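To start, the structure itself, in structure tokens.
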Amino acid sequence: VPSGASGPEPSLPEGDTIYRAARTLAARLNGKEVLRFHSTVPALVNARLEGTHVAGVEARGKNLQVVFDDGRVLTTHMKMTGSWHVYHPGERWFLPAHRARAVIEVSDCVAVCFSAPVVELHASAARLEQARLGKLGPDILAPGFDATVAAARILSRPALSLGEALLEQSLLSGIGNVYKSESLFLEHLSPFVASSTVPRERLIALVARAESLMKQNLAPGSGMRTTRGQHAGASRHWVYRRSGEPCFVCETTLEMRRQGASLRSTYFCPRCQA
Ligand SMILES: [Zn+2]
């Protein structure tokens with residue numbers, strides 16, 4: 001079961017995708033003895049995790065972490081390219097072996113992390129928290145997530161455009177490109193205005209919208225549909241990857257523009273989001 005990024009172009013795995021991947025891995029690995037661990041990351045070559053048992057698999061923002069019963073934590077950050085796949089022993093891998101960054105083998109399953117830019121092994125969860133402190137904003141899918149707090153964090157970078165702010169993982173973590181474009185459309189907000197020009201209440205509503213869209217998609221197999229129960233035909237999305245097509249609300253031609261230092265694609269309706 002390939003989990004995570006897929007499709008012809010690499011796409012940024014959204015937080016909800018990583019939650020689903022973590023759930024799949026947990027179901028297959030939890031409680032089982034590691035028979036073989038292999039990594040191409042130099043710092044992990046002598047990790048010697050064999051003989052430990054998998055104690056848990058968790059998602060946090062765009063990180064997926066595997067906790068072992070000796071306390072160590074393997075953390076993988078997916079960024080644009082990473083994905084975890086689960087295979088039966090001996091089954092042919094979906095991606096070439098040289099892209100495997102970490103491989104965990106238990107008796108009846110092989111879990112492979114492909115192409116994740118960050119793969120680290122920490123001595124304990126406490127050490128991991130220390131390393132991470134201040135680097136990652138509140139996780140939009142975590143229990144107790146507070147949109148008001150997240151909106152305040154966005155306002156701490158007042159010059160940042162809304163499209164960039166929603167992807168800035170140090171402000172709030174978990175939102176990727178799909179939910180960024182879709183939330184901005186549904187809240188009638190331009191991706192290109194600075195957050196300081198937007199009333200606080202609308203920023204809170206924007207974050208809450210992203211949160212509810214993502215939480216609706218946590219069920220297995222639900223995909224990343226944002227048009228559920230709404231009049232958007234068979235389309236899964238209002239604007240994402242629909243540039244050149246008419247807006248479902250006003251029929252204006254939708255556009256795509258690259259945004260921010262990393263030139264992330266932003267899809268929008270120039271009329272609804274004027
Ligand atoms: Zn429109």
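Just remember, in the structure tokens the first chain shown is A, the second B, etc., residues are 1-based per chain, and ligands are 1-based in the order shown.
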
Checklist entry - Can you list, as a PyMOL selection string, every protein, DNA or RNA residue that comes within 6 Å of range 21-36 of chain A when you count only C-alpha atoms, leaving out same-chain residues fewer than 2 positions away? => result chain A and resi 3+18-19+50-59+105-106

If you keep N, CA and C atoms, can you produce a file of those selected residues as an mmCIF file, in the first residue's frame?
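Final output, out.cif:
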```
data_model
loop_
_atom_site.group_PDB
_atom_site.id
_atom_site.type_symbol
_atom_site.label_atom_id
_atom_site.label_comp_id
_atom_site.auth_asym_id
_atom_site.auth_seq_id
_atom_site.Cartn_x
_atom_site.Cartn_y
_atom_site.Cartn_z
ATOM 1 N N SER A 3 1.808 4.830 0.542
ATOM 2 C CA SER A 3 1.166 5.897 1.303
ATOM 3 C C SER A 3 2.018 7.136 1.193
ATOM 4 N N ILE A 18 -0.135 12.199 5.774
ATOM 5 C CA ILE A 18 0.863 11.639 6.680
ATOM 6 C C ILE A 18 0.177 10.954 7.871
ATOM 7 N N TYR A 19 -0.941 11.503 8.326
ATOM 8 C CA TYR A 19 -1.710 10.830 9.391
ATOM 9 C C TYR A 19 -2.178 9.458 8.919
ATOM 10 N N GLU A 50 17.872 -3.731 15.090
ATOM 11 C CA GLU A 50 17.411 -5.114 15.089
ATOM 12 C C GLU A 50 17.254 -5.609 16.532
ATOM 13 N N GLY A 51 16.155 -6.294 16.782
ATOM 14 C CA GLY A 51 15.903 -6.813 18.131
ATOM 15 C C GLY A 51 15.003 -5.906 18.963
ATOM 16 N N THR A 52 14.924 -4.628 18.578
ATOM 17 C CA THR A 52 13.956 -3.775 19.275
ATOM 18 C C THR A 52 12.563 -4.084 18.723
ATOM 19 N N HIS A 53 11.544 -3.590 19.398
ATOM 20 C CA HIS A 53 10.170 -3.732 18.916
ATOM 21 C C HIS A 53 9.616 -2.339 18.605
ATOM 22 N N VAL A 54 8.739 -2.278 17.623
ATOM 23 C CA VAL A 54 8.113 -0.998 17.300
ATOM 24 C C VAL A 54 7.059 -0.694 18.363
ATOM 25 N N ALA A 55 7.218 0.448 19.025
ATOM 26 C CA ALA A 55 6.293 0.813 20.107
ATOM 27 C C ALA A 55 5.172 1.719 19.615
ATOM 28 N N GLY A 56 5.405 2.413 18.514
ATOM 29 C CA GLY A 56 4.347 3.297 18.020
ATOM 30 C C GLY A 56 4.779 4.024 16.766
ATOM 31 N N VAL A 57 3.788 4.494 16.012
ATOM 32 C CA VAL A 57 4.042 5.297 14.810
ATOM 33 C C VAL A 57 3.138 6.521 14.910
ATOM 34 N N GLU A 58 3.717 7.703 14.738
ATOM 35 C CA GLU A 58 2.936 8.925 14.937
ATOM 36 C C GLU A 58 3.199 9.918 13.822
ATOM 37 N N ALA A 59 2.180 10.732 13.543
ATOM 38 C CA ALA A 59 2.340 11.844 12.608
ATOM 39 C C ALA A 59 2.374 13.123 13.407
ATOM 40 N N GLU A 105 12.162 -3.907 8.536
ATOM 41 C CA GLU A 105 11.570 -5.211 8.235
ATOM 42 C C GLU A 105 11.118 -5.886 9.510
ATOM 43 N N VAL A 106 9.862 -6.341 9.519
ATOM 44 C CA VAL A 106 9.372 -7.200 10.603
ATOM 45 C C VAL A 106 8.960 -8.521 9.953
#
```

Which residues are near Gln65 in chain A? Cut-off 10 Å, only C-alpha atoms, ignore same chain within fewer than 3 positions. Put them as a PDB file with N, CA and C atoms, in the first residue's frame.
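Contents of the output file part00.pdb:
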```pdb
ATOM      1  N   ALA A  22       0.741   7.123   8.748  1.00  0.00           N
ATOM      2  CA  ALA A  22       1.151   6.712  10.096  1.00  0.00           C
ATOM      3  C   ALA A  22       0.223   5.620  10.619  1.00  0.00           C
ATOM      4  N   GLY A  56       5.405   2.413  18.514  1.00  0.00           N
ATOM      5  CA  GLY A  56       4.347   3.297  18.020  1.00  0.00           C
ATOM      6  C   GLY A  56       4.779   4.024  16.766  1.00  0.00           C
ATOM      7  N   VAL A  57       3.788   4.494  16.012  1.00  0.00           N
ATOM      8  CA  VAL A  57       4.042   5.297  14.810  1.00  0.00           C
ATOM      9  C   VAL A  57       3.138   6.521  14.910  1.00  0.00           C
ATOM     10  N   GLU A  58       3.717   7.703  14.738  1.00  0.00           N
ATOM     11  CA  GLU A  58       2.936   8.925  14.937  1.00  0.00           C
ATOM     12  C   GLU A  58       3.199   9.918  13.822  1.00  0.00           C
ATOM     13  N   ALA A  59       2.180  10.732  13.543  1.00  0.00           N
ATOM     14  CA  ALA A  59       2.340  11.844  12.608  1.00  0.00           C
ATOM     15  C   ALA A  59       2.374  13.123  13.407  1.00  0.00           C
ATOM     16  N   ARG A  60       3.275  13.999  13.028  1.00  0.00           N
ATOM     17  CA  ARG A  60       3.219  15.329  13.607  1.00  0.00           C
ATOM     18  C   ARG A  60       3.579  16.325  12.524  1.00  0.00           C
ATOM     19  N   LYS A  62       4.322  17.532   9.168  1.00  0.00           N
ATOM     20  CA  LYS A  62       4.744  16.756   8.001  1.00  0.00           C
ATOM     21  C   LYS A  62       5.797  15.720   8.366  1.00  0.00           C
ATOM     22  N   PHE A  68      10.658   3.216  18.928  1.00  0.00           N
ATOM     23  CA  PHE A  68      11.054   1.843  19.249  1.00  0.00           C
ATOM     24  C   PHE A  68      11.038   1.645  20.768  1.00  0.00           C
ATOM     25  N   VAL A  73      13.745   7.165  18.560  1.00  0.00           N
ATOM     26  CA  VAL A  73      12.697   7.654  17.666  1.00  0.00           C
ATOM     27  C   VAL A  73      13.305   7.923  16.290  1.00  0.00           C
ATOM     28  N   LEU A  74      12.757   7.256  15.286  1.00  0.00           N
ATOM     29  CA  LEU A  74      13.148   7.535  13.895  1.00  0.00           C
ATOM     30  C   LEU A  74      12.174   8.579  13.366  1.00  0.00           C
ATOM     31  N   THR A  75      12.687   9.730  12.934  1.00  0.00           N
ATOM     32  CA  THR A  75      11.775  10.746  12.419  1.00  0.00           C
ATOM     33  C   THR A  75      12.092  11.019  10.952  1.00  0.00           C
ATOM     34  N   THR A  76      11.029  11.111  10.150  1.00  0.00           N
ATOM     35  CA  THR A  76      11.198  11.341   8.718  1.00  0.00           C
ATOM     36  C   THR A  76      10.345  12.533   8.326  1.00  0.00           C
ATOM     37  N   HIS A  77      10.958  13.490   7.666  1.00  0.00           N
ATOM     38  CA  HIS A  77      10.202  14.654   7.188  1.00  0.00           C
ATOM     39  C   HIS A  77      10.006  14.494   5.694  1.00  0.00           C
ATOM     40  N   VAL A 119      15.886  12.361   7.481  1.00  0.00           N
ATOM     41  CA  VAL A 119      15.696  11.107   8.215  1.00  0.00           C
ATOM     42  C   VAL A 119      16.676  11.138   9.380  1.00  0.00           C
ATOM     43  N   GLU A 120      16.152  11.126  10.596  1.00  0.00           N
ATOM     44  CA  GLU A 120      17.013  11.240  11.780  1.00  0.00           C
ATOM     45  C   GLU A 120      16.621  10.187  12.800  1.00  0.00           C
ATOM     46  N   LEU A 121      17.606   9.776  13.592  1.00  0.00           N
ATOM     47  CA  LEU A 121      17.318   8.865  14.700  1.00  0.00           C
ATOM     48  C   LEU A 121      17.704   9.589  15.984  1.00  0.00           C
ATOM     49  N   ALA A 125      12.356  10.473  22.828  1.00  0.00           N
ATOM     50  CA  ALA A 125      11.346  11.463  22.419  1.00  0.00           C
ATOM     51  C   ALA A 125      11.685  12.836  22.988  1.00  0.00           C
TER      52      ALA A 125
END
```

Give me the residues within 9 Å of Arg257 in chain A as a PDB file with C-alpha atoms, in the first residue's frame, counting only C-alpha atoms and dropping any in the same chain fewer than 2 places off.
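The resulting file, result.pdb, is reproduced below:
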```
ATOM      1  CA  GLU A 255      -5.480  31.113 -12.585  1.00  0.00           C
ATOM      2  CA  GLN A 259       4.436  32.248  -4.964  1.00  0.00           C
ATOM      3  CA  LEU A 263       7.788  29.186  -6.033  1.00  0.00           C
ATOM      4  CA  ARG A 264       4.887  27.043  -4.809  1.00  0.00           C
ATOM      5  CA  SER A 265       1.885  26.954  -7.125  1.00  0.00           C
ATOM      6  CA  THR A 266      -1.181  28.821  -5.919  1.00  0.00           C
ATOM      7  CA  TYR A 267      -4.546  28.338  -7.649  1.00  0.00           C
ATOM      8  CA  PHE A 268      -7.193  31.024  -7.284  1.00  0.00           C
TER       9      PHE A 268
END
```

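Here CA of Val178 in chain A and CA of Met224 in chain A stand 7.9 Å from one another.
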
Next on the checklist: How would you report the residues lying within 12 Å of ligand 1, as a VMD selection string, if you count only C-alpha atoms and all ligand atoms?
Outcome noted: chain A and resid 184 to 190 232 238 to 239 242 to 243 245 to 255 267 to 274

Item to check | Point-to-point distance in Å for CA of Trp93 in chain A and CA of Pro117 in chain A | outcome: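 Spanning CA of Pro117 in chain A to CA of Trp93 in chain A is a straight-line distance of 19.4 Å.
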
Next on the checklist: Quick one: residues within 10 Å of Ala147 in chain A, only C-alpha atoms, excluding same-chain residues fewer than 4 positions away - as a list in words?
Outcome noted: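 Neighbouring residues, sequence-local ones excluded: Pro138, Ile140, Ala151, Ala152, Arg153, Leu172, Leu203, Ile204, Ala205, Leu206, Val207, Ala208, Arg209, Ala210 and Glu211 of chain A.
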
Store the residues picked out above in a file with all heavy atoms, as an mmCIF file, in the first residue's frame.
```cif
data_model
loop_
_atom_site.group_PDB
_atom_site.id
_atom_site.type_symbol
_atom_site.label_atom_id
_atom_site.label_comp_id
_atom_site.auth_asym_id
_atom_site.auth_seq_id
_atom_site.Cartn_x
_atom_site.Cartn_y
_atom_site.Cartn_z
ATOM 1 N N PRO A 138 2.165 24.932 15.857
ATOM 2 C CA PRO A 138 1.158 23.955 16.293
ATOM 3 C C PRO A 138 0.611 23.145 15.122
ATOM 4 O O PRO A 138 0.405 23.668 14.028
ATOM 5 C CB PRO A 138 0.066 24.822 16.923
ATOM 6 C CG PRO A 138 0.387 26.237 16.577
ATOM 7 C CD PRO A 138 1.829 26.303 16.216
ATOM 8 N N ILE A 140 -1.968 21.395 12.930
ATOM 9 C CA ILE A 140 -3.385 21.695 12.665
ATOM 10 C C ILE A 140 -4.297 20.498 12.927
ATOM 11 O O ILE A 140 -5.490 20.664 13.196
ATOM 12 C CB ILE A 140 -3.542 22.227 11.216
ATOM 13 C CG1 ILE A 140 -4.906 22.893 11.021
ATOM 14 C CG2 ILE A 140 -3.302 21.126 10.190
ATOM 15 C CD1 ILE A 140 -4.977 23.800 9.824
ATOM 16 N N ALA A 151 -3.660 31.876 14.235
ATOM 17 C CA ALA A 151 -3.832 33.163 13.551
ATOM 18 C C ALA A 151 -2.889 34.214 14.144
ATOM 19 O O ALA A 151 -2.300 35.025 13.416
ATOM 20 C CB ALA A 151 -5.283 33.622 13.645
ATOM 21 N N ALA A 152 -2.726 34.171 15.446
ATOM 22 C CA ALA A 152 -1.798 35.112 16.094
ATOM 23 C C ALA A 152 -0.367 34.855 15.634
ATOM 24 O O ALA A 152 0.413 35.800 15.427
ATOM 25 C CB ALA A 152 -1.903 34.985 17.614
ATOM 26 N N ARG A 153 -0.027 33.590 15.471
ATOM 27 C CA ARG A 153 1.322 33.270 14.978
ATOM 28 C C ARG A 153 1.508 33.783 13.558
ATOM 29 O O ARG A 153 2.573 34.277 13.198
ATOM 30 C CB ARG A 153 1.565 31.756 15.040
ATOM 31 C CG ARG A 153 1.681 31.234 16.468
ATOM 32 C CD ARG A 153 1.873 29.727 16.484
ATOM 33 N NE ARG A 153 3.191 29.314 16.003
ATOM 34 C CZ ARG A 153 4.241 29.122 16.789
ATOM 35 N NH1 ARG A 153 4.132 29.314 18.083
ATOM 36 N NH2 ARG A 153 5.399 28.736 16.275
ATOM 37 N N LEU A 172 2.427 27.418 11.613
ATOM 38 C CA LEU A 172 1.528 26.306 11.950
ATOM 39 C C LEU A 172 1.889 25.170 11.012
ATOM 40 O O LEU A 172 2.268 25.413 9.870
ATOM 41 C CB LEU A 172 0.048 26.690 11.878
ATOM 42 C CG LEU A 172 -0.657 26.797 10.543
ATOM 43 C CD1 LEU A 172 -2.163 26.864 10.761
ATOM 44 C CD2 LEU A 172 -0.233 28.051 9.818
ATOM 45 N N LEU A 203 -8.744 35.827 9.486
ATOM 46 C CA LEU A 203 -7.578 34.923 9.564
ATOM 47 C C LEU A 203 -7.924 33.675 10.371
ATOM 48 O O LEU A 203 -7.570 32.551 9.993
ATOM 49 C CB LEU A 203 -6.401 35.625 10.252
ATOM 50 C CG LEU A 203 -5.456 36.472 9.423
ATOM 51 C CD1 LEU A 203 -4.302 36.944 10.309
ATOM 52 C CD2 LEU A 203 -4.917 35.680 8.239
ATOM 53 N N ILE A 204 -8.631 33.899 11.476
ATOM 54 C CA ILE A 204 -9.038 32.769 12.316
ATOM 55 C C ILE A 204 -9.956 31.845 11.509
ATOM 56 O O ILE A 204 -9.807 30.619 11.524
ATOM 57 C CB ILE A 204 -9.742 33.264 13.605
ATOM 58 C CG1 ILE A 204 -8.746 34.051 14.468
ATOM 59 C CG2 ILE A 204 -10.340 32.105 14.394
ATOM 60 C CD1 ILE A 204 -9.368 34.803 15.634
ATOM 61 N N ALA A 205 -10.893 32.456 10.762
ATOM 62 C CA ALA A 205 -11.815 31.655 9.943
ATOM 63 C C ALA A 205 -11.049 30.866 8.873
ATOM 64 O O ALA A 205 -11.397 29.725 8.560
ATOM 65 C CB ALA A 205 -12.859 32.564 9.298
ATOM 66 N N LEU A 206 -10.002 31.475 8.319
ATOM 67 C CA LEU A 206 -9.190 30.810 7.297
ATOM 68 C C LEU A 206 -8.507 29.566 7.868
ATOM 69 O O LEU A 206 -8.542 28.485 7.278
ATOM 70 C CB LEU A 206 -8.142 31.799 6.758
ATOM 71 C CG LEU A 206 -7.098 31.247 5.785
ATOM 72 C CD1 LEU A 206 -7.757 30.769 4.493
ATOM 73 C CD2 LEU A 206 -6.042 32.308 5.468
ATOM 74 N N VAL A 207 -7.883 29.732 9.027
ATOM 75 C CA VAL A 207 -7.200 28.597 9.665
ATOM 76 C C VAL A 207 -8.220 27.514 10.034
ATOM 77 O O VAL A 207 -7.992 26.320 9.808
ATOM 78 C CB VAL A 207 -6.419 29.074 10.911
ATOM 79 C CG1 VAL A 207 -5.862 27.877 11.670
ATOM 80 C CG2 VAL A 207 -5.296 30.031 10.506
ATOM 81 N N ALA A 208 -9.369 27.939 10.575
ATOM 82 C CA ALA A 208 -10.403 26.980 10.968
ATOM 83 C C ALA A 208 -10.931 26.223 9.737
ATOM 84 O O ALA A 208 -11.261 25.038 9.818
ATOM 85 C CB ALA A 208 -11.543 27.692 11.691
ATOM 86 N N ARG A 209 -11.011 26.916 8.615
ATOM 87 C CA ARG A 209 -11.466 26.275 7.366
ATOM 88 C C ARG A 209 -10.483 25.185 6.939
ATOM 89 O O ARG A 209 -10.875 24.064 6.627
ATOM 90 C CB ARG A 209 -11.583 27.323 6.269
ATOM 91 C CG ARG A 209 -11.954 26.751 4.929
ATOM 92 C CD ARG A 209 -13.403 26.366 4.838
ATOM 93 N NE ARG A 209 -14.244 27.551 4.676
ATOM 94 C CZ ARG A 209 -15.526 27.498 4.327
ATOM 95 N NH1 ARG A 209 -16.103 26.332 4.112
ATOM 96 N NH2 ARG A 209 -16.229 28.602 4.215
ATOM 97 N N ALA A 210 -9.182 25.525 6.948
ATOM 98 C CA ALA A 210 -8.163 24.515 6.585
ATOM 99 C C ALA A 210 -8.254 23.322 7.532
ATOM 100 O O ALA A 210 -8.201 22.162 7.114
ATOM 101 C CB ALA A 210 -6.771 25.137 6.618
ATOM 102 N N GLU A 211 -8.420 23.622 8.821
ATOM 103 C CA GLU A 211 -8.510 22.562 9.832
ATOM 104 C C GLU A 211 -9.704 21.647 9.544
ATOM 105 O O GLU A 211 -9.576 20.423 9.530
ATOM 106 C CB GLU A 211 -8.659 23.201 11.220
ATOM 107 C CG GLU A 211 -8.757 22.191 12.344
ATOM 108 C CD GLU A 211 -9.122 22.839 13.683
ATOM 109 O OE1 GLU A 211 -9.419 24.052 13.706
ATOM 110 O OE2 GLU A 211 -9.137 22.109 14.685
#
```

Checklist entry - Tell me, which residues of range 101-204 of chain A carry DSSP strand (DSSP E or B), written as a PyMOL selection string? => result chain A and resi 101-106+109-114+118-122+139+161+173+194

Checklist entry - Just how far from CA of Gln169 in chain A is CA of Val112 in chain A, in Å to one decimal? => result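 Interatomic distance here is 24.8 Å.
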
Checklist entry - Pick the closest to Thr197 in chain A from A:Asn63, A:Asn46, A:Ser161, A:Ser156: which is it, counting only C-alpha atoms? => result A:Ser161

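Residue neighbourhood of range 107-109 of chain A, excluding near-sequence residues (fewer than 5 positions): A:Tyr87, A:His88, A:Pro89, at 6 Å, using only C-alpha atoms.
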
Keeping only all heavy atoms, write the selected residues as a PDB file, in the first residue's frame.
```pdb
ATOM      1  N   TYR A  87       5.133  -3.039   2.198  1.00  0.00           N
ATOM      2  CA  TYR A  87       5.143  -4.189   1.288  1.00  0.00           C
ATOM      3  C   TYR A  87       5.134  -5.501   2.061  1.00  0.00           C
ATOM      4  O   TYR A  87       5.531  -5.543   3.222  1.00  0.00           O
ATOM      5  CB  TYR A  87       6.409  -4.164   0.412  1.00  0.00           C
ATOM      6  CG  TYR A  87       6.524  -2.944  -0.465  1.00  0.00           C
ATOM      7  CD1 TYR A  87       7.371  -1.898  -0.113  1.00  0.00           C
ATOM      8  CD2 TYR A  87       5.779  -2.832  -1.628  1.00  0.00           C
ATOM      9  CE1 TYR A  87       7.472  -0.767  -0.911  1.00  0.00           C
ATOM     10  CE2 TYR A  87       5.872  -1.706  -2.430  1.00  0.00           C
ATOM     11  CZ  TYR A  87       6.718  -0.678  -2.072  1.00  0.00           C
ATOM     12  OH  TYR A  87       6.806   0.439  -2.844  1.00  0.00           O
ATOM     13  N   HIS A  88       4.713  -6.569   1.371  1.00  0.00           N
ATOM     14  CA  HIS A  88       4.908  -7.908   1.914  1.00  0.00           C
ATOM     15  C   HIS A  88       6.366  -8.288   1.676  1.00  0.00           C
ATOM     16  O   HIS A  88       6.976  -7.811   0.719  1.00  0.00           O
ATOM     17  CB  HIS A  88       3.993  -8.915   1.215  1.00  0.00           C
ATOM     18  CG  HIS A  88       2.539  -8.639   1.449  1.00  0.00           C
ATOM     19  ND1 HIS A  88       1.948  -8.804   2.671  1.00  0.00           N
ATOM     20  CD2 HIS A  88       1.563  -8.186   0.615  1.00  0.00           C
ATOM     21  CE1 HIS A  88       0.678  -8.472   2.595  1.00  0.00           C
ATOM     22  NE2 HIS A  88       0.413  -8.075   1.360  1.00  0.00           N
ATOM     23  N   PRO A  89       6.928  -9.162   2.521  1.00  0.00           N
ATOM     24  CA  PRO A  89       8.309  -9.591   2.285  1.00  0.00           C
ATOM     25  C   PRO A  89       8.433 -10.184   0.878  1.00  0.00           C
ATOM     26  O   PRO A  89       7.581 -10.967   0.461  1.00  0.00           O
ATOM     27  CB  PRO A  89       8.534 -10.672   3.348  1.00  0.00           C
ATOM     28  CG  PRO A  89       7.537 -10.354   4.429  1.00  0.00           C
ATOM     29  CD  PRO A  89       6.339  -9.793   3.719  1.00  0.00           C
TER      30      PRO A  89
END
```

Item to check | Counting only C-alpha atoms, the residue of A:Arg241, A:Lys180, A:Arg157, A:Lys135 that sits nearest Ser195 in chain A | outcome: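 Among the listed residues, the smallest separation from Ser195 in chain A belongs to A:Arg157.
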
Item to check | Backbone DSSP call of alpha helix (DSSP H) for range 122-169 of chain A, listed as a PyMOL selection string | outcome: chain A and resi 125-132+147-155+162-167

Next on the checklist: Using only C-alpha atoms, which protein or nucleic acid residues come within 12 Å of Pro96 in chain A? Drop anything in the same chain fewer than 2 positions from it, and give the result as a PyMOL selection string.
Outcome noted: chain A and resi 92-94+98-101+112-115

The selected residues should be written to file as a PDB file, in the first residue's frame (atoms: N, CA and C atoms).
```pdb
ATOM      1  N   ARG A  92       7.691  -6.801  -4.917  1.00  0.00           N
ATOM      2  CA  ARG A  92       8.464  -5.825  -5.680  1.00  0.00           C
ATOM      3  C   ARG A  92       8.110  -4.406  -5.238  1.00  0.00           C
ATOM      4  N   TRP A  93       9.136  -3.572  -5.031  1.00  0.00           N
ATOM      5  CA  TRP A  93       8.900  -2.202  -4.586  1.00  0.00           C
ATOM      6  C   TRP A  93       8.406  -1.336  -5.735  1.00  0.00           C
ATOM      7  N   PHE A  94       7.589  -0.372  -5.384  1.00  0.00           N
ATOM      8  CA  PHE A  94       6.969   0.553  -6.325  1.00  0.00           C
ATOM      9  C   PHE A  94       7.977   1.585  -6.845  1.00  0.00           C
ATOM     10  N   HIS A  98      17.355   2.395  -4.744  1.00  0.00           N
ATOM     11  CA  HIS A  98      18.349   3.418  -4.391  1.00  0.00           C
ATOM     12  C   HIS A  98      17.696   4.678  -3.809  1.00  0.00           C
ATOM     13  N   ARG A  99      16.378   4.781  -3.949  1.00  0.00           N
ATOM     14  CA  ARG A  99      15.680   5.927  -3.344  1.00  0.00           C
ATOM     15  C   ARG A  99      15.207   5.638  -1.922  1.00  0.00           C
ATOM     16  N   ALA A 100      15.415   4.407  -1.472  1.00  0.00           N
ATOM     17  CA  ALA A 100      14.995   4.053  -0.108  1.00  0.00           C
ATOM     18  C   ALA A 100      15.943   4.692   0.892  1.00  0.00           C
ATOM     19  N   ARG A 101      15.393   5.484   1.822  1.00  0.00           N
ATOM     20  CA  ARG A 101      16.230   6.153   2.819  1.00  0.00           C
ATOM     21  C   ARG A 101      16.252   5.370   4.119  1.00  0.00           C
ATOM     22  N   VAL A 112       9.100   0.904   3.875  1.00  0.00           N
ATOM     23  CA  VAL A 112      10.191   1.607   3.201  1.00  0.00           C
ATOM     24  C   VAL A 112       9.878   3.096   3.124  1.00  0.00           C
ATOM     25  N   CYS A 113      10.825   3.896   3.573  1.00  0.00           N
ATOM     26  CA  CYS A 113      10.693   5.341   3.447  1.00  0.00           C
ATOM     27  C   CYS A 113      11.526   5.783   2.246  1.00  0.00           C
ATOM     28  N   PHE A 114      10.829   6.280   1.215  1.00  0.00           N
ATOM     29  CA  PHE A 114      11.508   6.712   0.004  1.00  0.00           C
ATOM     30  C   PHE A 114      11.710   8.232   0.000  1.00  0.00           C
ATOM     31  N   SER A 115      12.909   8.656  -0.356  1.00  0.00           N
ATOM     32  CA  SER A 115      13.191  10.037  -0.771  1.00  0.00           C
ATOM     33  C   SER A 115      12.887  11.122   0.255  1.00  0.00           C
TER      34      SER A 115
END
```

Next on the checklist: I need the residue nearest Met80 in chain A from this list: A:Ala111, A:Leu162, A:Leu218, A:Ala116. Use only C-alpha atoms for the distance.
Outcome noted: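 Going through A:Ala111, A:Leu162, A:Leu218, A:Ala116 one by one, the smallest distance to Met80 in chain A is for A:Ala116.
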
Next on the checklist: For a quick check of understanding, using only C-alpha atoms, which of A:Gly163, A:Pro42, A:Gly82, A:Gly90 has the smallest distance to Ser262 in chain A?
Outcome noted: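 Selected residue with least distance to Ser262 in chain A: A:Gly163.
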
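Among the candidate residues A:Thr226, A:Ser183, A:Ser196, A:Thr81, the one lying nearest to Leu160 in chain A is A:Ser196, with distances computed using only C-alpha atoms.
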
Item to check | Residue among A:Ala123, A:Val110, A:Ala261, A:Val193 lying closest to Glu91 in chain A, counting only C-alpha atoms | outcome: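 Checking each of A:Ala123, A:Val110, A:Ala261, A:Val193 against Glu91 in chain A, counting only C-alpha atoms, the winner is A:Val110.
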